>>> print(open('work.cif').read())   # mmCIF, C-alpha atoms and all ligand atoms
data_structure
loop_
_atom_site.label_atom_id
_atom_site.label_comp_id
_atom_site.auth_asym_id
_atom_site.auth_seq_id
_atom_site.Cartn_x
_atom_site.Cartn_y
_atom_site.Cartn_z
CA MET A 1 -114.46 44.10 -19.84
CA ALA A 2 -111.10 44.76 -21.46
CA THR A 3 -108.82 41.77 -21.25
CA GLY A 4 -106.02 42.92 -23.57
CA PRO A 5 -102.50 43.66 -22.41
CA LYS A 6 -103.57 47.02 -21.00
CA LYS A 7 -101.26 48.70 -18.56
CA ARG A 8 -102.46 48.47 -15.01
CA PRO A 9 -101.40 50.64 -12.09
CA GLU A 10 -98.05 49.92 -10.40
CA LEU A 11 -99.35 47.59 -7.74
CA MET A 12 -100.95 45.16 -10.17
CA PRO A 13 -98.72 45.10 -13.22
CA LEU A 14 -100.25 41.86 -14.43
CA LYS A 15 -102.90 39.44 -13.44
CA LEU A 16 -100.48 37.01 -11.90
CA SER A 17 -101.20 33.42 -11.14
CA CYS A 18 -99.09 30.41 -10.40
CA ASP A 19 -100.55 28.39 -13.26
CA GLN A 20 -100.15 30.93 -16.04
CA SER A 21 -98.20 29.84 -19.11
CA ASP A 22 -97.21 31.09 -22.55
CA CYS A 23 -95.43 28.05 -23.92
CA GLU A 24 -94.59 29.51 -27.32
CA GLN A 25 -92.61 32.20 -25.52
CA GLY A 26 -90.82 29.58 -23.45
CA LEU A 27 -92.87 30.35 -20.37
CA HIS A 28 -94.25 27.16 -18.91
CA CYS A 29 -96.02 25.91 -15.83
CA PHE A 30 -94.92 22.82 -13.92
CA HIS A 31 -97.52 22.91 -11.21
CA GLU A 32 -99.98 20.05 -11.41
CA SER A 33 -103.55 21.14 -10.90
CA LYS A 34 -107.00 19.84 -11.72
CA LYS A 35 -107.67 23.04 -13.62
CA LEU A 36 -104.69 22.57 -15.95
CA ALA A 37 -105.38 18.86 -16.40
CA LYS A 38 -108.90 19.72 -17.50
CA GLN A 39 -107.71 22.47 -19.79
CA TYR A 40 -104.77 20.71 -21.47
CA GLY A 41 -105.20 17.04 -20.65
CA LYS A 42 -103.18 15.16 -18.06
CA LYS A 43 -99.43 15.61 -18.38
CA ASP A 44 -96.57 13.72 -16.77
CA ARG A 45 -95.37 14.97 -13.41
CA GLY A 46 -92.50 17.42 -13.80
CA SER A 47 -93.29 18.32 -17.40
CA CYS A 48 -95.03 21.52 -18.41
CA GLN A 49 -98.64 21.00 -17.48
CA ALA A 50 -99.78 22.97 -20.50
CA CYS A 51 -97.55 21.74 -23.37
CA GLY A 52 -95.84 18.69 -21.88
CA ALA A 53 -92.28 19.96 -22.44
CA THR A 54 -89.66 18.43 -20.14
CA LEU A 55 -87.18 21.16 -19.36
CA VAL A 56 -86.19 20.79 -15.74
CA ASP A 57 -83.65 18.39 -14.27
CA TRP A 58 -85.66 17.89 -11.10
CA GLU A 59 -83.20 15.54 -9.49
CA ARG A 60 -80.47 18.13 -9.73
CA VAL A 61 -82.67 21.05 -8.62
CA GLN A 62 -83.96 19.06 -5.67
CA ARG A 63 -80.48 18.37 -4.36
CA ARG A 64 -80.84 21.92 -3.05
CA ASP A 65 -77.14 22.62 -3.37
CA SER A 66 -76.11 26.21 -2.57
CA ASP A 67 -73.09 25.69 -4.87
CA ASP A 68 -75.40 24.98 -7.80
CA LEU A 69 -77.68 28.02 -7.61
CA ALA A 70 -77.01 29.18 -11.17
CA HIS A 71 -78.40 25.93 -12.55
CA THR A 72 -81.43 26.07 -10.27
CA VAL A 73 -82.12 29.67 -11.24
CA ASN A 74 -81.97 28.76 -14.93
CA ALA A 75 -84.49 26.02 -14.33
CA LEU A 76 -86.80 28.34 -12.39
CA LYS A 77 -86.82 30.80 -15.28
CA HIS A 78 -88.57 28.22 -17.50
CA GLU A 79 -91.69 28.73 -15.44
CA SER A 80 -93.84 31.68 -16.40
CA ILE A 81 -94.58 33.00 -12.92
CA ARG A 82 -90.92 32.74 -11.85
CA HIS A 83 -89.68 34.30 -15.08
CA HIS A 84 -91.95 37.26 -14.47
CA TYR A 85 -90.30 37.88 -11.12
CA TRP A 86 -86.77 37.60 -12.50
CA HIS A 87 -87.53 40.34 -15.00
CA THR A 88 -90.31 42.60 -13.80
CA GLU A 89 -89.57 46.07 -12.51
CA ILE A 90 -89.28 46.11 -8.73
CA ASP A 91 -91.65 48.58 -7.12
CA GLN A 92 -90.24 51.53 -5.18
CA ARG A 93 -91.51 50.39 -1.81
CA ALA A 94 -89.83 47.01 -2.29
CA LYS A 95 -86.56 48.66 -3.31
CA ASN A 96 -86.70 51.02 -0.34
CA TYR A 97 -87.04 48.08 1.99
CA ALA A 98 -83.84 46.59 0.59
CA VAL A 99 -81.96 49.88 0.89
CA ARG A 100 -83.07 50.30 4.51
CA LYS A 101 -81.83 46.82 5.37
CA GLY A 102 -78.70 47.07 3.26
CA ARG A 103 -77.06 43.98 1.76
CA ASP A 104 -75.62 43.09 5.16
CA GLY A 105 -79.01 43.20 6.86
CA LEU A 106 -80.81 41.09 4.30
CA PRO A 107 -79.69 37.55 5.20
CA HIS A 108 -81.29 37.88 8.61
CA ALA A 109 -84.44 39.51 7.18
CA VAL A 110 -84.80 36.80 4.54
CA GLU A 111 -84.39 34.02 7.08
CA LYS A 112 -86.93 35.54 9.42
CA ARG A 113 -89.42 35.97 6.60
CA LEU A 114 -88.92 32.38 5.39
CA ARG A 115 -89.43 30.97 8.86
CA SER A 116 -92.66 32.87 9.43
CA ALA A 117 -94.12 32.45 5.93
CA VAL A 118 -93.13 28.91 4.96
CA GLY A 119 -91.25 27.36 7.90
CA THR A 120 -94.33 25.33 8.75
CA LYS A 121 -97.50 24.77 6.79
CA HIS A 122 -99.44 28.00 6.62
CA SER A 123 -103.19 28.06 7.20
CA ARG A 124 -103.65 30.22 4.11
CA ASP A 125 -101.01 28.53 2.02
CA GLY A 126 -100.60 30.11 -1.39
CA ARG A 127 -101.72 33.49 -0.12
CA GLN A 128 -99.13 34.30 2.52
CA THR A 129 -96.77 36.09 0.14
CA PRO A 130 -98.00 39.33 -1.45
CA TRP A 131 -97.09 40.01 -5.09
CA THR A 132 -95.38 43.35 -4.43
CA GLY A 133 -94.22 45.68 -1.66
CA SER A 134 -91.04 44.00 -0.39
CA ILE A 135 -87.95 42.70 -2.12
CA LEU A 136 -88.42 39.58 0.01
CA TYR A 137 -91.75 38.80 -1.70
CA TYR A 138 -90.20 39.21 -5.13
CA ALA A 139 -87.36 36.89 -4.16
CA GLN A 140 -89.75 34.31 -2.79
CA HIS A 141 -91.92 34.18 -5.91
CA ALA A 142 -88.88 34.14 -8.20
CA THR A 143 -87.36 31.19 -6.36
CA ALA A 144 -90.53 29.24 -5.55
CA CYS A 145 -90.22 29.82 -1.80
CA CYS A 146 -93.53 31.71 -1.68
CA CYS A 147 -95.68 28.92 -0.29
CA ARG A 148 -95.44 25.28 0.68
CA LYS A 149 -97.14 24.13 -2.50
CA CYS A 150 -94.43 25.75 -4.63
CA ILE A 151 -91.69 24.50 -2.31
CA GLU A 152 -93.06 20.99 -2.69
CA TYR A 153 -93.14 20.75 -6.45
CA TRP A 154 -90.00 22.78 -7.09
CA HIS A 155 -87.76 21.81 -4.23
CA GLY A 156 -89.15 18.43 -3.28
CA ILE A 157 -90.05 19.03 0.37
CA PRO A 158 -93.42 17.66 1.52
CA GLN A 159 -95.86 20.34 2.65
CA ASP A 160 -96.41 19.02 6.15
CA GLN A 161 -92.71 18.85 7.05
CA THR A 162 -91.26 21.66 9.19
CA LEU A 163 -88.30 23.12 7.32
CA THR A 164 -84.93 22.31 8.84
CA ASP A 165 -82.23 24.94 9.44
CA ASP A 166 -80.35 23.58 6.43
CA GLN A 167 -83.38 23.95 4.20
CA ILE A 168 -84.05 27.48 5.46
CA GLY A 169 -80.37 28.27 4.84
CA TYR A 170 -80.59 26.99 1.28
CA PHE A 171 -83.70 29.05 0.52
CA ARG A 172 -82.04 32.08 2.11
CA ASP A 173 -79.08 31.65 -0.27
CA LEU A 174 -81.45 31.30 -3.21
CA CYS A 175 -83.36 34.46 -2.25
CA LEU A 176 -80.11 36.39 -1.75
CA HIS A 177 -78.94 35.23 -5.17
CA TYR A 178 -82.09 36.81 -6.57
CA ILE A 179 -81.55 40.08 -4.73
CA ASP A 180 -77.90 40.22 -5.86
CA GLU A 181 -78.96 39.70 -9.48
CA ARG A 182 -81.78 42.24 -9.36
CA MET A 183 -80.16 44.90 -7.17
CA PRO A 184 -76.41 44.58 -7.89
CA ASP A 185 -75.66 48.09 -6.64
CA LEU A 186 -77.26 47.67 -3.25
CA GLU A 187 -75.05 49.17 -0.54
CA ARG A 188 -73.78 46.93 2.22
CA ALA A 189 -74.94 49.09 5.10
CA GLY A 190 -78.60 49.92 5.56
CA ARG A 191 -79.65 53.54 5.58
CA HIS A 192 -82.72 55.59 6.23
CA VAL A 193 -85.09 56.13 3.31
CA PRO A 194 -88.18 58.26 3.88
CA GLY A 195 -91.49 56.44 3.52
CA LEU A 196 -93.50 56.90 0.36
CA ARG A 197 -96.53 59.12 0.51
CA ARG A 198 -99.78 57.39 1.23
CA THR A 199 -101.28 58.85 -1.91
CA ASP A 200 -98.88 56.74 -3.95
CA LYS A 201 -100.76 53.73 -2.62
CA SER A 202 -97.39 52.03 -2.49
CA ASP A 203 -96.27 52.92 1.01
ZN ZN A 301 -95.33 24.65 -21.75
ZN ZN A 302 -96.21 29.64 -4.11
#
>>> encode(input="work.cif", output="structure tokens", more="lines below")
Ligand SMILES: [Zn+2]
Ligand SMILES: [Zn+2]
Amino acid sequence: MATGPKKRPELMPLKLSCDQSDCEQGLHCFHESKKLAKQYGKKDRGSCQACGATLVDWERVQRRDSDDLAHTVNALKHESIRHHYWHTEIDQRAKNYAVRKGRDGLPHAVEKRLRSAVGTKHSRDGRQTPWTGSILYYAQHATACCCRKCIEYWHGIPQDQTLTDDQIGYFRDLCLHYIDERMPDLERAGRHVPGLRRTDKSD
């Protein structure tokens, strides 16, 4: 089976996983897991679980301050999986969703999505957020709001705690920051965009 960097179809641009890393390229992984501990040896909490680098000011990130988003975003980009989502091409279906909502419609859509996906502990935690297909999913992976496990180690909120309105509001701001960076020309008002053809497998 070919395992090289072969191009895959649109929907699966990469084999993505939360514990991927490429430390020499500055792409780390801060998520503690048995798998990584076995592979690289036990590392201190908060350091890269592959190379041990300490790059994130966790105390500052976990203040969850909407006025300090630029710093938080910089920190997030040290992690391989997040970095991917800050830079990868956004698929057409995901872009269309954003255009239909418009910039003005997105805050509500983001909040609703956050409440349903991560507001309380999800029975299939870690799998509730698809990799592609909506700008909301991209934003969630990029900002570590994709599942409760990621929210716990990045943002310091225990998995079994129901998110408060303030916490949801902070994550909404973080997701909107992502959308503004990735789709700076998005119009304020939503407008109709025809659906993609089924044969594209991206509708
Ligand atoms: Zn590393
Ligand atoms: Zn996650």
>>> closest_residue(input="work.cif", among="A:Asp180, A:Glu152, A:Glu59, A:Asp65", to="ligand ZN 302 (chain A)", atoms="all atoms listed in the file")
A:Glu152
>>> closest_residue(input="work.cif", among="A:Asp166, A:Asp44, A:Asp125, A:Glu79", to="ligand ZN 302 (chain A)", atoms="only C-alpha atoms and all ligand atoms")
A:Asp125
>>> residues_around(input="work.cif", residues="region 183-190 of chain A", least_positions_apart="3", cutoff="6 Å", atoms="all atoms listed in the file", output="count of residues only")
8
>>> residues_near_ligand(input="work.cif", ligand="ligand ZN 301 (chain A)", cutoff="10 Å", atoms="all atoms listed in the file", output="ChimeraX atom specification")
/A:20-30,47-55,78-80
>>> residues_near_point(input="work.cif", point="(-82.5, 29.4, -15.9)", cutoff="12 Å", atoms="all atoms listed in the file", output="list in words")
Gly26, Leu27, Leu55, Val56, Asp57, Val61, Asp68, Leu69, Ala70, His71, Thr72, Val73, Asn74, Ala75, Leu76, Lys77, His78, Glu79, Ser80, Arg82, His83, Trp86, Ala142, Thr143 and Tyr178 of chain A
>>> residues_near_ligand(input="work.cif", ligand="ligand ZN 302 (chain A)", cutoff="10 Å", atoms="all atoms listed in the file", output="ChimeraX atom specification")
/A:17-18,31,81-82,118,125-129,140-154
>>> closest_residue(input="work.cif", among="A:Thr162, A:Asp173, A:Arg182, A:Ser33", to="His122 (chain A)", atoms="all atoms listed in the file")
A:Thr162
>>> residues_around(input="work.cif", residues="Asn96 (chain A)", least_positions_apart="2", cutoff="10 Å", atoms="only C-alpha atoms", output="PyMOL selection string")
chain A and resi 91-94+98-102+133-135+191-196+203
>>> residues_around(input="work.cif", residues="Gly169 (chain A)", least_positions_apart="6", cutoff="10 Å", atoms="all atoms listed in the file", output="list of chain:residue names")
A:Ser66, A:Pro107, A:Val110, A:Glu111, A:Leu114, A:Leu163, A:Cys175
>>> axis_aligned_box(input="work.cif", around="region 97-105 of chain A", padding_each_side="6 Å", output="lines of an AutoDock Vina configuration file")
center_x = -81.3
center_y = 46.7
center_z = 3.7
size_x = 23.4
size_y = 19.2
size_z = 18.3
>>> atom_distance(input="work.cif", atom1="CA of Ala37 (chain A)", atom2="CA of Gly119 (chain A)")
29.4 Å
>>> atom_distance(input="work.cif", atom1="CA of Arg63 (chain A)", atom2="CA of Asp160 (chain A)")
19.1 Å
>>> atom_distance(input="work.cif", atom1="CA of Trp131 (chain A)", atom2="CA of Leu16 (chain A)")
8.2 Å
>>> build_atoms(input="work.cif", residues="region 60-89 of chain A", atoms="N, CA and C atoms", output="PDB file, in the coordinates of the input")
ATOM      1  N   ARG A  60     -81.563  17.195 -10.027  1.00  0.00           N
ATOM      2  CA  ARG A  60     -80.470  18.130  -9.730  1.00  0.00           C
ATOM      3  C   ARG A  60     -80.978  19.351  -8.936  1.00  0.00           C
ATOM      4  N   VAL A  61     -82.124  19.898  -9.347  1.00  0.00           N
ATOM      5  CA  VAL A  61     -82.670  21.050  -8.620  1.00  0.00           C
ATOM      6  C   VAL A  61     -82.962  20.670  -7.172  1.00  0.00           C
ATOM      7  N   GLN A  62     -83.507  19.452  -7.002  1.00  0.00           N
ATOM      8  CA  GLN A  62     -83.960  19.060  -5.670  1.00  0.00           C
ATOM      9  C   GLN A  62     -82.830  18.547  -4.770  1.00  0.00           C
ATOM     10  N   ARG A  63     -81.612  18.596  -5.273  1.00  0.00           N
ATOM     11  CA  ARG A  63     -80.480  18.370  -4.360  1.00  0.00           C
ATOM     12  C   ARG A  63     -80.297  19.564  -3.444  1.00  0.00           C
ATOM     13  N   ARG A  64     -80.865  20.696  -3.876  1.00  0.00           N
ATOM     14  CA  ARG A  64     -80.840  21.920  -3.050  1.00  0.00           C
ATOM     15  C   ARG A  64     -79.408  22.257  -2.615  1.00  0.00           C
ATOM     16  N   ASP A  65     -78.559  22.386  -3.614  1.00  0.00           N
ATOM     17  CA  ASP A  65     -77.140  22.620  -3.370  1.00  0.00           C
ATOM     18  C   ASP A  65     -76.842  24.112  -3.563  1.00  0.00           C
ATOM     19  N   SER A  66     -76.407  24.774  -2.492  1.00  0.00           N
ATOM     20  CA  SER A  66     -76.110  26.210  -2.570  1.00  0.00           C
ATOM     21  C   SER A  66     -74.954  26.511  -3.521  1.00  0.00           C
ATOM     22  N   ASP A  67     -74.172  25.490  -3.901  1.00  0.00           N
ATOM     23  CA  ASP A  67     -73.090  25.690  -4.870  1.00  0.00           C
ATOM     24  C   ASP A  67     -73.586  25.531  -6.310  1.00  0.00           C
ATOM     25  N   ASP A  68     -74.869  25.228  -6.463  1.00  0.00           N
ATOM     26  CA  ASP A  68     -75.400  24.980  -7.800  1.00  0.00           C
ATOM     27  C   ASP A  68     -76.587  25.920  -8.090  1.00  0.00           C
ATOM     28  N   LEU A  69     -76.540  27.098  -7.494  1.00  0.00           N
ATOM     29  CA  LEU A  69     -77.680  28.020  -7.610  1.00  0.00           C
ATOM     30  C   LEU A  69     -77.915  28.485  -9.045  1.00  0.00           C
ATOM     31  N   ALA A  70     -76.845  28.673  -9.808  1.00  0.00           N
ATOM     32  CA  ALA A  70     -77.010  29.180 -11.170  1.00  0.00           C
ATOM     33  C   ALA A  70     -77.860  28.216 -11.997  1.00  0.00           C
ATOM     34  N   HIS A  71     -77.603  26.924 -11.820  1.00  0.00           N
ATOM     35  CA  HIS A  71     -78.400  25.930 -12.550  1.00  0.00           C
ATOM     36  C   HIS A  71     -79.855  25.958 -12.102  1.00  0.00           C
ATOM     37  N   THR A  72     -80.066  26.044 -10.799  1.00  0.00           N
ATOM     38  CA  THR A  72     -81.430  26.070 -10.270  1.00  0.00           C
ATOM     39  C   THR A  72     -82.185  27.300 -10.782  1.00  0.00           C
ATOM     40  N   VAL A  73     -81.488  28.427 -10.786  1.00  0.00           N
ATOM     41  CA  VAL A  73     -82.120  29.670 -11.240  1.00  0.00           C
ATOM     42  C   VAL A  73     -82.513  29.561 -12.719  1.00  0.00           C
ATOM     43  N   ASN A  74     -81.643  28.986 -13.521  1.00  0.00           N
ATOM     44  CA  ASN A  74     -81.970  28.760 -14.930  1.00  0.00           C
ATOM     45  C   ASN A  74     -83.226  27.929 -15.096  1.00  0.00           C
ATOM     46  N   ALA A  75     -83.321  26.891 -14.286  1.00  0.00           N
ATOM     47  CA  ALA A  75     -84.490  26.020 -14.330  1.00  0.00           C
ATOM     48  C   ALA A  75     -85.747  26.796 -13.934  1.00  0.00           C
ATOM     49  N   LEU A  76     -85.647  27.568 -12.874  1.00  0.00           N
ATOM     50  CA  LEU A  76     -86.800  28.340 -12.390  1.00  0.00           C
ATOM     51  C   LEU A  76     -87.330  29.274 -13.478  1.00  0.00           C
ATOM     52  N   LYS A  77     -86.418  29.817 -14.266  1.00  0.00           N
ATOM     53  CA  LYS A  77     -86.820  30.800 -15.280  1.00  0.00           C
ATOM     54  C   LYS A  77     -87.631  30.185 -16.430  1.00  0.00           C
ATOM     55  N   HIS A  78     -87.701  28.862 -16.503  1.00  0.00           N
ATOM     56  CA  HIS A  78     -88.570  28.220 -17.500  1.00  0.00           C
ATOM     57  C   HIS A  78     -90.044  28.363 -17.129  1.00  0.00           C
ATOM     58  N   GLU A  79     -90.293  28.654 -15.866  1.00  0.00           N
ATOM     59  CA  GLU A  79     -91.690  28.730 -15.440  1.00  0.00           C
ATOM     60  C   GLU A  79     -92.183  30.171 -15.527  1.00  0.00           C
ATOM     61  N   SER A  80     -93.339  30.337 -16.110  1.00  0.00           N
ATOM     62  CA  SER A  80     -93.840  31.680 -16.400  1.00  0.00           C
ATOM     63  C   SER A  80     -93.867  32.603 -15.189  1.00  0.00           C
ATOM     64  N   ILE A  81     -94.454  32.130 -14.093  1.00  0.00           N
ATOM     65  CA  ILE A  81     -94.580  33.000 -12.920  1.00  0.00           C
ATOM     66  C   ILE A  81     -93.212  33.379 -12.359  1.00  0.00           C
ATOM     67  N   ARG A  82     -92.280  32.435 -12.359  1.00  0.00           N
ATOM     68  CA  ARG A  82     -90.920  32.740 -11.850  1.00  0.00           C
ATOM     69  C   ARG A  82     -90.239  33.733 -12.794  1.00  0.00           C
ATOM     70  N   HIS A  83     -90.308  33.456 -14.067  1.00  0.00           N
ATOM     71  CA  HIS A  83     -89.680  34.300 -15.080  1.00  0.00           C
ATOM     72  C   HIS A  83     -90.131  35.756 -14.905  1.00  0.00           C
ATOM     73  N   HIS A  84     -91.428  35.907 -14.682  1.00  0.00           N
ATOM     74  CA  HIS A  84     -91.950  37.260 -14.470  1.00  0.00           C
ATOM     75  C   HIS A  84     -91.169  37.961 -13.354  1.00  0.00           C
ATOM     76  N   TYR A  85     -90.962  37.250 -12.261  1.00  0.00           N
ATOM     77  CA  TYR A  85     -90.300  37.880 -11.120  1.00  0.00           C
ATOM     78  C   TYR A  85     -88.793  38.083 -11.306  1.00  0.00           C
ATOM     79  N   TRP A  86     -88.197  37.358 -12.221  1.00  0.00           N
ATOM     80  CA  TRP A  86     -86.770  37.600 -12.500  1.00  0.00           C
ATOM     81  C   TRP A  86     -86.590  38.810 -13.396  1.00  0.00           C
ATOM     82  N   HIS A  87     -87.682  39.260 -14.029  1.00  0.00           N
ATOM     83  CA  HIS A  87     -87.530  40.340 -15.000  1.00  0.00           C
ATOM     84  C   HIS A  87     -88.370  41.576 -14.735  1.00  0.00           C
ATOM     85  N   THR A  88     -89.418  41.456 -13.971  1.00  0.00           N
ATOM     86  CA  THR A  88     -90.310  42.600 -13.800  1.00  0.00           C
ATOM     87  C   THR A  88     -89.626  43.729 -13.042  1.00  0.00           C
ATOM     88  N   GLU A  89     -90.098  44.934 -13.269  1.00  0.00           N
ATOM     89  CA  GLU A  89     -89.570  46.070 -12.510  1.00  0.00           C
ATOM     90  C   GLU A  89     -89.957  45.908 -11.041  1.00  0.00           C
TER      91      GLU A  89
END
